[in-house]
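Content type PDB, C-alpha atoms and all ligand atoms, from the file start.pdb:
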```pdb
ATOM      1  CA  MET H  20      -0.129   8.783  -8.112  1.00  0.00           C
ATOM      2  CA  LYS H  21       0.201   4.995  -8.025  1.00  0.00           C
ATOM      3  CA  PHE H  22      -2.726   2.759  -7.052  1.00  0.00           C
ATOM      4  CA  PHE H  23      -2.045  -0.338  -4.966  1.00  0.00           C
ATOM      5  CA  ILE H  24      -4.765  -2.709  -3.772  1.00  0.00           C
ATOM      6  CA  ASP H  25      -4.638  -3.607  -0.088  1.00  0.00           C
ATOM      7  CA  THR H  26      -5.803  -7.219   0.023  1.00  0.00           C
ATOM      8  CA  ALA H  27      -4.668 -10.829  -0.243  1.00  0.00           C
ATOM      9  CA  ASN H  28      -7.858 -11.810  -2.078  1.00  0.00           C
ATOM     10  CA  LEU H  29      -6.830 -13.058  -5.526  1.00  0.00           C
ATOM     11  CA  ASP H  30     -10.247 -12.398  -7.136  1.00  0.00           C
ATOM     12  CA  GLN H  31     -10.207  -8.773  -5.998  1.00  0.00           C
ATOM     13  CA  ILE H  32      -6.607  -8.372  -7.149  1.00  0.00           C
ATOM     14  CA  ARG H  33      -7.588  -9.760 -10.580  1.00  0.00           C
ATOM     15  CA  GLU H  34     -10.649  -7.455 -10.751  1.00  0.00           C
ATOM     16  CA  ALA H  35      -8.569  -4.344  -9.959  1.00  0.00           C
ATOM     17  CA  ASN H  36      -5.822  -5.468 -12.323  1.00  0.00           C
ATOM     18  CA  ASP H  37      -8.358  -5.988 -15.126  1.00  0.00           C
ATOM     19  CA  LEU H  38      -9.328  -2.316 -14.794  1.00  0.00           C
ATOM     20  CA  GLY H  39      -5.835  -1.535 -16.078  1.00  0.00           C
ATOM     21  CA  ILE H  40      -5.058   1.009 -13.367  1.00  0.00           C
ATOM     22  CA  LEU H  41      -3.348  -1.180 -10.779  1.00  0.00           C
ATOM     23  CA  ASP H  42       0.297  -0.489  -9.924  1.00  0.00           C
ATOM     24  CA  GLY H  43       0.837  -2.984  -7.118  1.00  0.00           C
ATOM     25  CA  VAL H  44      -0.435  -4.834  -4.056  1.00  0.00           C
ATOM     26  CA  THR H  45       0.058  -4.522  -0.307  1.00  0.00           C
ATOM     27  CA  THR H  46      -0.685  -7.321   2.130  1.00  0.00           C
ATOM     28  CA  ASN H  47      -0.254  -7.805   5.848  1.00  0.00           C
ATOM     29  CA  PRO H  48      -0.567 -10.806   8.192  1.00  0.00           C
ATOM     30  CA  SER H  49      -4.183  -9.912   9.041  1.00  0.00           C
ATOM     31  CA  LEU H  50      -5.169  -9.760   5.346  1.00  0.00           C
ATOM     32  CA  MET H  51      -3.508 -13.163   4.771  1.00  0.00           C
ATOM     33  CA  ALA H  52      -5.365 -14.657   7.752  1.00  0.00           C
ATOM     34  CA  LYS H  53      -8.653 -13.186   6.460  1.00  0.00           C
ATOM     35  CA  GLU H  54      -8.207 -15.250   3.266  1.00  0.00           C
ATOM     36  CA  GLY H  55      -7.410 -18.362   5.340  1.00  0.00           C
ATOM     37  CA  ILE H  56      -3.784 -18.445   4.114  1.00  0.00           C
ATOM     38  CA  ARG H  57      -1.856 -19.974   7.005  1.00  0.00           C
ATOM     39  CA  GLY H  58       1.527 -21.688   7.350  1.00  0.00           C
ATOM     40  CA  GLN H  59       4.777 -20.485   5.807  1.00  0.00           C
ATOM     41  CA  ASP H  60       4.648 -22.601   2.626  1.00  0.00           C
ATOM     42  CA  LYS H  61       1.125 -21.461   1.770  1.00  0.00           C
ATOM     43  CA  ILE H  62       1.925 -17.830   2.550  1.00  0.00           C
ATOM     44  CA  LEU H  63       5.047 -17.838   0.352  1.00  0.00           C
ATOM     45  CA  LYS H  64       3.163 -19.494  -2.503  1.00  0.00           C
ATOM     46  CA  HIS H  65       0.401 -16.906  -2.157  1.00  0.00           C
ATOM     47  CA  TYR H  66       2.915 -14.054  -2.583  1.00  0.00           C
ATOM     48  CA  VAL H  67       4.169 -15.659  -5.786  1.00  0.00           C
ATOM     49  CA  ASP H  68       0.576 -16.133  -7.009  1.00  0.00           C
ATOM     50  CA  ILE H  69      -0.055 -12.411  -6.434  1.00  0.00           C
ATOM     51  CA  CYS H  70       3.158 -11.491  -8.297  1.00  0.00           C
ATOM     52  CA  ASN H  71       1.984 -13.591 -11.219  1.00  0.00           C
ATOM     53  CA  ILE H  72      -1.272 -11.596 -11.466  1.00  0.00           C
ATOM     54  CA  VAL H  73       0.086  -8.028 -11.303  1.00  0.00           C
ATOM     55  CA  SER H  74       3.118  -6.456 -12.877  1.00  0.00           C
ATOM     56  CA  GLY H  75       3.957  -3.984 -10.070  1.00  0.00           C
ATOM     57  CA  ASP H  76       5.354  -4.081  -6.544  1.00  0.00           C
ATOM     58  CA  VAL H  77       3.950  -6.562  -4.011  1.00  0.00           C
ATOM     59  CA  SER H  78       4.573  -5.875  -0.317  1.00  0.00           C
ATOM     60  CA  ALA H  79       5.238  -8.976   1.806  1.00  0.00           C
ATOM     61  CA  GLU H  80       5.452  -8.390   5.546  1.00  0.00           C
ATOM     62  CA  VAL H  81       8.030  -9.901   7.908  1.00  0.00           C
ATOM     63  CA  ILE H  82       6.842 -11.413  11.185  1.00  0.00           C
ATOM     64  CA  ALA H  83      10.194 -11.232  13.007  1.00  0.00           C
ATOM     65  CA  THR H  84      10.785  -8.237  15.258  1.00  0.00           C
ATOM     66  CA  ASP H  85      14.529  -8.600  15.950  1.00  0.00           C
ATOM     67  CA  PHE H  86      17.217  -7.390  13.535  1.00  0.00           C
ATOM     68  CA  ASP H  87      18.635 -10.821  12.627  1.00  0.00           C
ATOM     69  CA  GLY H  88      15.172 -12.329  12.204  1.00  0.00           C
ATOM     70  CA  ILE H  89      13.916  -9.424  10.058  1.00  0.00           C
ATOM     71  CA  VAL H  90      17.006  -9.641   7.834  1.00  0.00           C
ATOM     72  CA  ARG H  91      16.718 -13.426   7.456  1.00  0.00           C
ATOM     73  CA  GLU H  92      13.012 -13.310   6.688  1.00  0.00           C
ATOM     74  CA  GLY H  93      13.285 -10.234   4.456  1.00  0.00           C
ATOM     75  CA  GLU H  94      16.069 -11.745   2.337  1.00  0.00           C
ATOM     76  CA  MET H  95      14.027 -14.909   1.921  1.00  0.00           C
ATOM     77  CA  LEU H  96      10.907 -12.924   0.897  1.00  0.00           C
ATOM     78  CA  ALA H  97      12.910 -10.754  -1.528  1.00  0.00           C
ATOM     79  CA  SER H  98      14.372 -13.866  -3.166  1.00  0.00           C
ATOM     80  CA  LEU H  99      10.857 -15.203  -3.916  1.00  0.00           C
ATOM     81  CA  HIS H 100      10.199 -12.828  -6.817  1.00  0.00           C
ATOM     82  CA  PRO H 101      11.709  -9.589  -8.203  1.00  0.00           C
ATOM     83  CA  GLN H 102       8.410  -7.748  -7.563  1.00  0.00           C
ATOM     84  CA  ILE H 103       8.526  -8.369  -3.803  1.00  0.00           C
ATOM     85  CA  VAL H 104       9.027  -5.367  -1.513  1.00  0.00           C
ATOM     86  CA  VAL H 105       9.867  -6.320   2.087  1.00  0.00           C
ATOM     87  CA  LYS H 106       7.409  -4.788   4.528  1.00  0.00           C
ATOM     88  CA  VAL H 107       9.076  -3.959   7.842  1.00  0.00           C
ATOM     89  CA  PRO H 108       7.399  -2.574  10.977  1.00  0.00           C
ATOM     90  CA  MET H 109       8.383   0.840  12.331  1.00  0.00           C
ATOM     91  CA  ILE H 110      10.399  -0.360  15.319  1.00  0.00           C
ATOM     92  CA  LYS H 111      14.048   0.151  16.311  1.00  0.00           C
ATOM     93  CA  ASP H 112      15.285  -3.117  14.799  1.00  0.00           C
ATOM     94  CA  GLY H 113      13.033  -2.472  11.810  1.00  0.00           C
ATOM     95  CA  ILE H 114      14.833   0.800  11.066  1.00  0.00           C
ATOM     96  CA  LYS H 115      18.217  -0.950  11.383  1.00  0.00           C
ATOM     97  CA  ALA H 116      17.003  -3.662   9.011  1.00  0.00           C
ATOM     98  CA  ILE H 117      15.669  -1.095   6.493  1.00  0.00           C
ATOM     99  CA  LYS H 118      19.115   0.534   6.468  1.00  0.00           C
ATOM    100  CA  TYR H 119      20.698  -2.897   5.891  1.00  0.00           C
ATOM    101  CA  PHE H 120      18.226  -3.828   3.123  1.00  0.00           C
ATOM    102  CA  SER H 121      18.755  -0.477   1.425  1.00  0.00           C
ATOM    103  CA  SER H 122      22.540  -1.063   1.363  1.00  0.00           C
ATOM    104  CA  LYS H 123      21.888  -4.454  -0.281  1.00  0.00           C
ATOM    105  CA  GLY H 124      19.475  -3.069  -2.901  1.00  0.00           C
ATOM    106  CA  ILE H 125      16.454  -4.807  -1.328  1.00  0.00           C
ATOM    107  CA  ARG H 126      13.360  -2.611  -1.516  1.00  0.00           C
ATOM    108  CA  THR H 127      11.327  -1.969   1.639  1.00  0.00           C
ATOM    109  CA  ASN H 128       7.974  -0.669   2.806  1.00  0.00           C
ATOM    110  CA  CYS H 129       8.092   0.717   6.347  1.00  0.00           C
ATOM    111  CA  THR H 130       4.699  -0.044   7.875  1.00  0.00           C
ATOM    112  CA  LEU H 131       2.643   0.970  10.924  1.00  0.00           C
ATOM    113  CA  VAL H 132       3.664   4.620  10.689  1.00  0.00           C
ATOM    114  CA  PHE H 133       1.650   7.102  12.732  1.00  0.00           C
ATOM    115  CA  SER H 134       3.892  10.173  13.120  1.00  0.00           C
ATOM    116  CA  ALA H 135       6.127  12.533  11.144  1.00  0.00           C
ATOM    117  CA  GLY H 136       9.061  11.633  13.395  1.00  0.00           C
ATOM    118  CA  GLN H 137       8.750   7.984  12.374  1.00  0.00           C
ATOM    119  CA  ALA H 138       8.549   9.079   8.731  1.00  0.00           C
ATOM    120  CA  ILE H 139      11.831  11.008   9.018  1.00  0.00           C
ATOM    121  CA  LEU H 140      13.623   7.985  10.528  1.00  0.00           C
ATOM    122  CA  ALA H 141      12.373   5.649   7.785  1.00  0.00           C
ATOM    123  CA  ALA H 142      13.472   8.046   5.039  1.00  0.00           C
ATOM    124  CA  LYS H 143      16.912   8.459   6.649  1.00  0.00           C
ATOM    125  CA  ALA H 144      17.225   4.654   6.745  1.00  0.00           C
ATOM    126  CA  GLY H 145      16.447   4.516   3.000  1.00  0.00           C
ATOM    127  CA  ALA H 146      12.957   2.965   2.950  1.00  0.00           C
ATOM    128  CA  THR H 147      11.539   2.673  -0.580  1.00  0.00           C
ATOM    129  CA  TYR H 148       7.976   3.217   0.648  1.00  0.00           C
ATOM    130  CA  LEU H 149       6.529   4.635   3.860  1.00  0.00           C
ATOM    131  CA  SER H 150       3.053   3.543   4.962  1.00  0.00           C
ATOM    132  CA  PRO H 151       1.261   6.056   7.208  1.00  0.00           C
ATOM    133  CA  PHE H 152      -2.050   4.480   8.348  1.00  0.00           C
ATOM    134  CA  LEU H 153      -4.485   7.346   7.948  1.00  0.00           C
ATOM    135  CA  GLY H 154      -7.749   5.461   8.593  1.00  0.00           C
ATOM    136  CA  ARG H 155      -6.529   4.102  11.916  1.00  0.00           C
ATOM    137  CA  LEU H 156      -5.684   7.674  12.993  1.00  0.00           C
ATOM    138  CA  ASP H 157      -9.149   8.835  11.922  1.00  0.00           C
ATOM    139  CA  ASP H 158     -10.556   5.943  13.994  1.00  0.00           C
ATOM    140  CA  ILE H 159      -9.120   7.548  17.142  1.00  0.00           C
ATOM    141  CA  SER H 160     -10.314  11.054  16.158  1.00  0.00           C
ATOM    142  CA  THR H 161      -6.912  12.242  14.918  1.00  0.00           C
ATOM    143  CA  ASP H 162      -6.721  13.636  11.380  1.00  0.00           C
ATOM    144  CA  GLY H 163      -4.865  11.044   9.289  1.00  0.00           C
ATOM    145  CA  LEU H 164      -4.822  13.322   6.242  1.00  0.00           C
ATOM    146  CA  GLU H 165      -2.950  15.980   8.236  1.00  0.00           C
ATOM    147  CA  LEU H 166      -0.181  13.428   8.760  1.00  0.00           C
ATOM    148  CA  ILE H 167      -0.013  12.691   5.018  1.00  0.00           C
ATOM    149  CA  GLU H 168       0.267  16.438   4.319  1.00  0.00           C
ATOM    150  CA  GLN H 169       3.006  16.867   6.945  1.00  0.00           C
ATOM    151  CA  ILE H 170       5.094  13.947   5.666  1.00  0.00           C
ATOM    152  CA  VAL H 171       4.750  14.961   1.991  1.00  0.00           C
ATOM    153  CA  HIS H 172       5.883  18.488   2.959  1.00  0.00           C
ATOM    154  CA  ILE H 173       8.940  17.230   4.871  1.00  0.00           C
ATOM    155  CA  TYR H 174       9.963  14.712   2.208  1.00  0.00           C
ATOM    156  CA  ARG H 175       9.691  17.319  -0.579  1.00  0.00           C
ATOM    157  CA  MET H 176      11.651  19.887   1.434  1.00  0.00           C
ATOM    158  CA  TYR H 177      14.611  17.509   1.851  1.00  0.00           C
ATOM    159  CA  ASP H 178      14.233  15.628  -1.453  1.00  0.00           C
ATOM    160  CA  PHE H 179      13.883  12.319   0.370  1.00  0.00           C
ATOM    161  CA  GLU H 180      13.413   9.554  -2.186  1.00  0.00           C
ATOM    162  CA  THR H 181      11.109   7.486   0.046  1.00  0.00           C
ATOM    163  CA  GLN H 182       7.639   7.338  -1.504  1.00  0.00           C
ATOM    164  CA  VAL H 183       4.635   8.207   0.665  1.00  0.00           C
ATOM    165  CA  LEU H 184       2.254   5.250   0.425  1.00  0.00           C
ATOM    166  CA  ALA H 185      -0.980   6.365   2.079  1.00  0.00           C
ATOM    167  CA  ALA H 186      -2.424   3.269   3.769  1.00  0.00           C
ATOM    168  CA  SER H 187      -5.435   2.273   5.831  1.00  0.00           C
ATOM    169  CA  ILE H 188      -7.708   4.034   3.344  1.00  0.00           C
ATOM    170  CA  ARG H 189     -11.371   3.720   4.286  1.00  0.00           C
ATOM    171  CA  HIS H 190     -13.280   5.395   1.445  1.00  0.00           C
ATOM    172  CA  SER H 191     -13.030   6.995  -1.999  1.00  0.00           C
ATOM    173  CA  MET H 192     -12.717  10.540  -0.644  1.00  0.00           C
ATOM    174  CA  HIS H 193      -9.540   9.523   1.204  1.00  0.00           C
ATOM    175  CA  ILE H 194      -8.067   8.662  -2.229  1.00  0.00           C
ATOM    176  CA  VAL H 195      -9.033  12.026  -3.701  1.00  0.00           C
ATOM    177  CA  ARG H 196      -7.631  13.941  -0.702  1.00  0.00           C
ATOM    178  CA  CYS H 197      -4.382  11.925  -0.815  1.00  0.00           C
ATOM    179  CA  ALA H 198      -4.053  12.856  -4.499  1.00  0.00           C
ATOM    180  CA  GLU H 199      -4.553  16.541  -3.619  1.00  0.00           C
ATOM    181  CA  LEU H 200      -1.933  16.310  -0.882  1.00  0.00           C
ATOM    182  CA  GLY H 201       0.686  14.769  -3.161  1.00  0.00           C
ATOM    183  CA  ALA H 202       0.885  11.199  -1.804  1.00  0.00           C
ATOM    184  CA  ASP H 203       2.983   9.102  -4.192  1.00  0.00           C
ATOM    185  CA  VAL H 204       0.842   5.978  -3.740  1.00  0.00           C
ATOM    186  CA  VAL H 205      -2.499   5.020  -2.204  1.00  0.00           C
ATOM    187  CA  THR H 206      -3.216   1.481  -1.113  1.00  0.00           C
ATOM    188  CA  CYS H 207      -6.847   0.634  -0.558  1.00  0.00           C
ATOM    189  CA  PRO H 208      -9.432  -2.138  -0.649  1.00  0.00           C
ATOM    190  CA  LEU H 209     -11.328  -2.689  -3.915  1.00  0.00           C
ATOM    191  CA  ASP H 210     -14.513  -0.836  -2.862  1.00  0.00           C
ATOM    192  CA  PRO H 211     -12.986   2.653  -2.461  1.00  0.00           C
ATOM    193  CA  ILE H 212     -11.300   2.212  -5.857  1.00  0.00           C
ATOM    194  CA  LEU H 213     -14.590   1.241  -7.530  1.00  0.00           C
ATOM    195  CA  GLY H 214     -16.336   4.068  -5.620  1.00  0.00           C
ATOM    196  CA  LEU H 215     -14.300   6.546  -7.679  1.00  0.00           C
ATOM    197  CA  LEU H 216     -16.358   5.510 -10.716  1.00  0.00           C
ATOM    198  CA  ASN H 217     -19.647   6.699  -9.270  1.00  0.00           C
ATOM    199  CA  HIS H 218     -21.515   9.878 -10.071  1.00  0.00           C
ATOM    200  CA  PRO H 219     -25.316  10.103 -10.414  1.00  0.00           C
ATOM    201  CA  LEU H 220     -25.005  12.638 -13.255  1.00  0.00           C
ATOM    202  CA  THR H 221     -22.932  10.110 -15.204  1.00  0.00           C
ATOM    203  CA  ASP H 222     -25.709   7.515 -14.785  1.00  0.00           C
ATOM    204  CA  ILE H 223     -28.459  10.013 -15.702  1.00  0.00           C
ATOM    205  CA  GLY H 224     -26.468  11.339 -18.660  1.00  0.00           C
ATOM    206  CA  LEU H 225     -25.693   7.864 -19.997  1.00  0.00           C
ATOM    207  CA  ALA H 226     -29.328   6.730 -19.662  1.00  0.00           C
ATOM    208  CA  LYS H 227     -30.420   9.795 -21.689  1.00  0.00           C
ATOM    209  CA  PHE H 228     -27.736   9.260 -24.371  1.00  0.00           C
ATOM    210  CA  LEU H 229     -28.739   5.601 -24.739  1.00  0.00           C
ATOM    211  CA  ALA H 230     -32.442   6.473 -24.905  1.00  0.00           C
ATOM    212  CA  ASP H 231     -31.797   9.173 -27.530  1.00  0.00           C
ATOM    213  CA  ALA H 232     -29.574   6.804 -29.529  1.00  0.00           C
ATOM    214  CA  LYS H 233     -32.392   4.233 -29.558  1.00  0.00           C
ATOM    215  CA  GLY H 234     -34.918   6.924 -30.656  1.00  0.00           C
ATOM    216  CA  SER H 235     -32.743   8.093 -33.555  1.00  0.00           C
ATOM    217  CA  LYS H 236     -32.333   4.584 -35.040  1.00  0.00           C
TER
HETATM  218  C1  LIG F 301      -1.120  -1.176   4.678  1.00  0.00           C
HETATM  219  O1  LIG F 301      -0.206  -1.637   4.055  1.00  0.00           O
HETATM  220  C2  LIG F 301      -2.015  -1.969   5.537  1.00  0.00           C
HETATM  221  O2  LIG F 301      -2.081  -3.280   5.017  1.00  0.00           O
HETATM  222  C3  LIG F 301      -3.417  -1.458   5.556  1.00  0.00           C
HETATM  223  O3  LIG F 301      -3.601  -0.328   4.752  1.00  0.00           O
HETATM  224  C4  LIG F 301      -4.047  -1.405   6.894  1.00  0.00           C
HETATM  225  O4  LIG F 301      -5.362  -0.956   6.740  1.00  0.00           O
HETATM  226  P1  LIG F 301      -6.466  -1.147   7.868  1.00  0.00           P
HETATM  227  O5  LIG F 301      -6.272  -0.067   8.892  1.00  0.00           O
HETATM  228  O6  LIG F 301      -7.758  -0.963   7.140  1.00  0.00           O
HETATM  229  O7  LIG F 301      -6.301  -2.522   8.451  1.00  0.00           O
END
```

How would this structure read if it were set down as structure tokens?
Amino acid sequence: MKFFIDTANLDQIREANDLGILDGVTTNPSLMAKEGIRGQDKILKHYVDICNIVSGDVSAEVIATDFDGIVREGEMLASLHPQIVVKVPMIKDGIKAIKYFSSKGIRTNCTLVFSAGQAILAAKAGATYLSPFLGRLDDISTDGLELIEQIVHIYRMYDFETQVLAASIRHSMHIVRCAELGADVVTCPLDPILGLLNHPLTDIGLAKFLADAKGSK
């Protein structure tokens, strides 16, 4: 399972990358705004800065919602850096654009996915990644993990090549459950990734080993 970090914060991207387990980055317009990155020039430069930190895929989201606009913007984003994956919303013109990008060899991440039906359409259109937002489903008392399970099952049954990129991860246990369910990728903020490190028995055990090591000097 690949690990992507879901942020536009360069320090957090560096910290996750330094762990040696990072496979890529996802961003969205809200994450860019949160870092105060505004205006096209600054946004484009920020994508390149991210690509220069990590060696894996970096999702850059289009703002256009019509076919011509998505294609124009997506081609421009893809030309920025070979690591860029064009993030396209799950809408009618988005599906048409994903099909177009796939015929041109431009990689895509279909975002804002909340149902298995949407997942089937994106795979048929040739999306590289599919981003079901499991936390946002949990937020409205619908089981996001059930959707991940359903999509993984369908994709495996038909050998769809689209990778299931579990998104909108809220905590470490989401990551573990996504791994159990066979998600190809998880994208999450830094905290749930670091949360995977924690176990009180590790801390207790290490303290005892260090104390015993000191005593036997
Ligand atoms: C995915 O690519 C999105 O950027 C992200 O996971 C959304 O997460 P949120 O629901 O925490 O905003």

Could you build a table of the residues in range 204-236 of chain H lying no more than 10 Å from range 30-34 of chain H, giving for each the nearest pair of atoms and their separation in Å rounded to one decimal place, using all atoms listed in the file, ordered by chain and ascending residue number, as a tab-separated table?
```
residue	atom	partner	partner_atom	distance
H:Pro208	CA	H:Gln31	CA	8.6
H:Leu209	CA	H:Gln31	CA	6.5
H:Asp210	CA	H:Gln31	CA	9.6
```

Hey, what comes out of the PyMOL selection byres (((chain H and resi 192) around 12) and not hetatm) on this file? Could you write it as a list of chain:residue names?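 Applying the expression gives H:Gly154, H:Leu164, H:Ile188, H:Arg189, H:His190, H:Ser191, H:His193, H:Ile194, H:Val195, H:Arg196, H:Cys197, H:Ala198, H:Glu199, H:Val205, H:Cys207, H:Asp210, H:Pro211, H:Ile212, H:Leu213, H:Gly214, H:Leu215, H:Leu216, H:Asn217.
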
Nearest to ligand LIG 301 (chain F) among H:Ile56, H:Ala226, H:Leu184, H:Leu41, with distances taken over only C-alpha atoms and all ligand atoms: which residue is it?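 Checking each candidate against ligand LIG 301 (chain F), we get H:Leu184 as the closest.
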
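CA of Ile40 in chain H lies 27.0 Å from CA of Gly55 in chain H.
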
Could you tell me which residues the PyMOL selection byres (((not hetatm)) within 6 of (chain F and resi 301)) grabs in this file, written as a compact mmCIF listing (two decimals) with C-alpha atoms, in the coordinates of the input?
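Output file part.txt follows:
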```txt
# COMPACT_ATOMS: atom_id res chain seq x y z
CA ASP H 25 -4.64 -3.61 -0.09
CA THR H 45 0.06 -4.52 -0.31
CA THR H 46 -0.68 -7.32 2.13
CA ASN H 47 -0.25 -7.80 5.85
CA GLY H 154 -7.75 5.46 8.59
CA ARG H 155 -6.53 4.10 11.92
CA ALA H 186 -2.42 3.27 3.77
CA SER H 187 -5.44 2.27 5.83
```

Output as JSON the centre and edge lengths (Å, one decimal) of the box along x, y and z of the file that holds every listed atom of range 132-135 of chain H after adding 5 Å on each side.
```
{"center_x": 3.9, "center_y": 8.6, "center_z": 11.9, "size_x": 14.5, "size_y": 17.9, "size_z": 12.4}
```

Two-atom distance - CA of His218 in chain H, CA of Leu38 in chain H (Å): 17.9 Å

Could you tell me how far CA of Gly234 in chain H sits from CA of Thr221 in chain H, in Å to one decimal place?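 Result for CA of Thr221 in chain H versus CA of Gly234 in chain H: 19.8 Å, one decimal.
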
Could you rebuild range 20-27 of chain H with all heavy atoms and give it back as a PDB file, in the frame of the given file?
```
ATOM      1  N   MET H  20       0.050   9.558  -9.348  1.00  0.00           N
ATOM      2  CA  MET H  20      -0.129   8.783  -8.112  1.00  0.00           C
ATOM      3  C   MET H  20      -0.372   7.314  -8.454  1.00  0.00           C
ATOM      4  O   MET H  20      -1.202   6.997  -9.298  1.00  0.00           O
ATOM      5  CB  MET H  20      -1.322   9.323  -7.329  1.00  0.00           C
ATOM      6  CG  MET H  20      -1.508   8.679  -5.981  1.00  0.00           C
ATOM      7  SD  MET H  20      -2.816   9.436  -5.001  1.00  0.00           S
ATOM      8  CE  MET H  20      -4.291   8.912  -5.866  1.00  0.00           C
ATOM      9  N   LYS H  21       0.390   6.431  -7.774  1.00  0.00           N
ATOM     10  CA  LYS H  21       0.201   4.995  -8.025  1.00  0.00           C
ATOM     11  C   LYS H  21      -0.964   4.450  -7.182  1.00  0.00           C
ATOM     12  O   LYS H  21      -1.205   4.925  -6.073  1.00  0.00           O
ATOM     13  CB  LYS H  21       1.487   4.232  -7.659  1.00  0.00           C
ATOM     14  CG  LYS H  21       2.635   4.486  -8.629  1.00  0.00           C
ATOM     15  CD  LYS H  21       3.767   3.496  -8.401  1.00  0.00           C
ATOM     16  CE  LYS H  21       4.899   4.144  -7.641  1.00  0.00           C
ATOM     17  NZ  LYS H  21       6.083   3.298  -7.467  1.00  0.00           N
ATOM     18  N   PHE H  22      -1.632   3.440  -7.751  1.00  0.00           N
ATOM     19  CA  PHE H  22      -2.726   2.759  -7.052  1.00  0.00           C
ATOM     20  C   PHE H  22      -2.292   1.347  -6.694  1.00  0.00           C
ATOM     21  O   PHE H  22      -1.998   0.548  -7.584  1.00  0.00           O
ATOM     22  CB  PHE H  22      -3.940   2.608  -7.990  1.00  0.00           C
ATOM     23  CG  PHE H  22      -4.930   3.720  -7.911  1.00  0.00           C
ATOM     24  CD1 PHE H  22      -4.622   4.945  -8.444  1.00  0.00           C
ATOM     25  CD2 PHE H  22      -6.159   3.534  -7.317  1.00  0.00           C
ATOM     26  CE1 PHE H  22      -5.535   5.985  -8.392  1.00  0.00           C
ATOM     27  CE2 PHE H  22      -7.081   4.558  -7.262  1.00  0.00           C
ATOM     28  CZ  PHE H  22      -6.770   5.792  -7.800  1.00  0.00           C
ATOM     29  N   PHE H  23      -2.259   1.036  -5.404  1.00  0.00           N
ATOM     30  CA  PHE H  23      -2.045  -0.338  -4.966  1.00  0.00           C
ATOM     31  C   PHE H  23      -3.362  -0.836  -4.373  1.00  0.00           C
ATOM     32  O   PHE H  23      -4.132  -0.047  -3.824  1.00  0.00           O
ATOM     33  CB  PHE H  23      -0.972  -0.421  -3.866  1.00  0.00           C
ATOM     34  CG  PHE H  23       0.446  -0.169  -4.332  1.00  0.00           C
ATOM     35  CD1 PHE H  23       1.490  -0.190  -3.417  1.00  0.00           C
ATOM     36  CD2 PHE H  23       0.754   0.086  -5.659  1.00  0.00           C
ATOM     37  CE1 PHE H  23       2.808   0.038  -3.813  1.00  0.00           C
ATOM     38  CE2 PHE H  23       2.060   0.316  -6.080  1.00  0.00           C
ATOM     39  CZ  PHE H  23       3.096   0.299  -5.142  1.00  0.00           C
ATOM     40  N   ILE H  24      -3.603  -2.150  -4.466  1.00  0.00           N
ATOM     41  CA  ILE H  24      -4.765  -2.709  -3.772  1.00  0.00           C
ATOM     42  C   ILE H  24      -4.264  -3.367  -2.499  1.00  0.00           C
ATOM     43  O   ILE H  24      -3.215  -4.000  -2.475  1.00  0.00           O
ATOM     44  CB  ILE H  24      -5.588  -3.672  -4.663  1.00  0.00           C
ATOM     45  CG1 ILE H  24      -6.904  -4.050  -3.960  1.00  0.00           C
ATOM     46  CG2 ILE H  24      -4.808  -4.916  -5.051  1.00  0.00           C
ATOM     47  CD1 ILE H  24      -7.929  -4.706  -4.876  1.00  0.00           C
ATOM     48  N   ASP H  25      -5.041  -3.158  -1.415  1.00  0.00           N
ATOM     49  CA  ASP H  25      -4.638  -3.607  -0.088  1.00  0.00           C
ATOM     50  C   ASP H  25      -5.459  -4.847   0.283  1.00  0.00           C
ATOM     51  O   ASP H  25      -6.458  -4.743   0.986  1.00  0.00           O
ATOM     52  CB  ASP H  25      -4.909  -2.456   0.891  1.00  0.00           C
ATOM     53  CG  ASP H  25      -4.252  -2.656   2.246  1.00  0.00           C
ATOM     54  OD1 ASP H  25      -3.176  -3.256   2.296  1.00  0.00           O
ATOM     55  OD2 ASP H  25      -4.823  -2.173   3.255  1.00  0.00           O
ATOM     56  N   THR H  26      -5.058  -5.982  -0.223  1.00  0.00           N
ATOM     57  CA  THR H  26      -5.803  -7.219   0.023  1.00  0.00           C
ATOM     58  C   THR H  26      -4.940  -8.415  -0.350  1.00  0.00           C
ATOM     59  O   THR H  26      -3.976  -8.270  -1.108  1.00  0.00           O
ATOM     60  CB  THR H  26      -7.111  -7.264  -0.823  1.00  0.00           C
ATOM     61  OG1 THR H  26      -7.851  -8.452  -0.499  1.00  0.00           O
ATOM     62  CG2 THR H  26      -6.825  -7.292  -2.312  1.00  0.00           C
ATOM     63  N   ALA H  27      -5.321  -9.580   0.188  1.00  0.00           N
ATOM     64  CA  ALA H  27      -4.668 -10.829  -0.243  1.00  0.00           C
ATOM     65  C   ALA H  27      -5.669 -11.681  -1.019  1.00  0.00           C
ATOM     66  O   ALA H  27      -5.393 -12.836  -1.320  1.00  0.00           O
ATOM     67  CB  ALA H  27      -4.160 -11.584   0.985  1.00  0.00           C
TER      68      ALA H  27
END
```
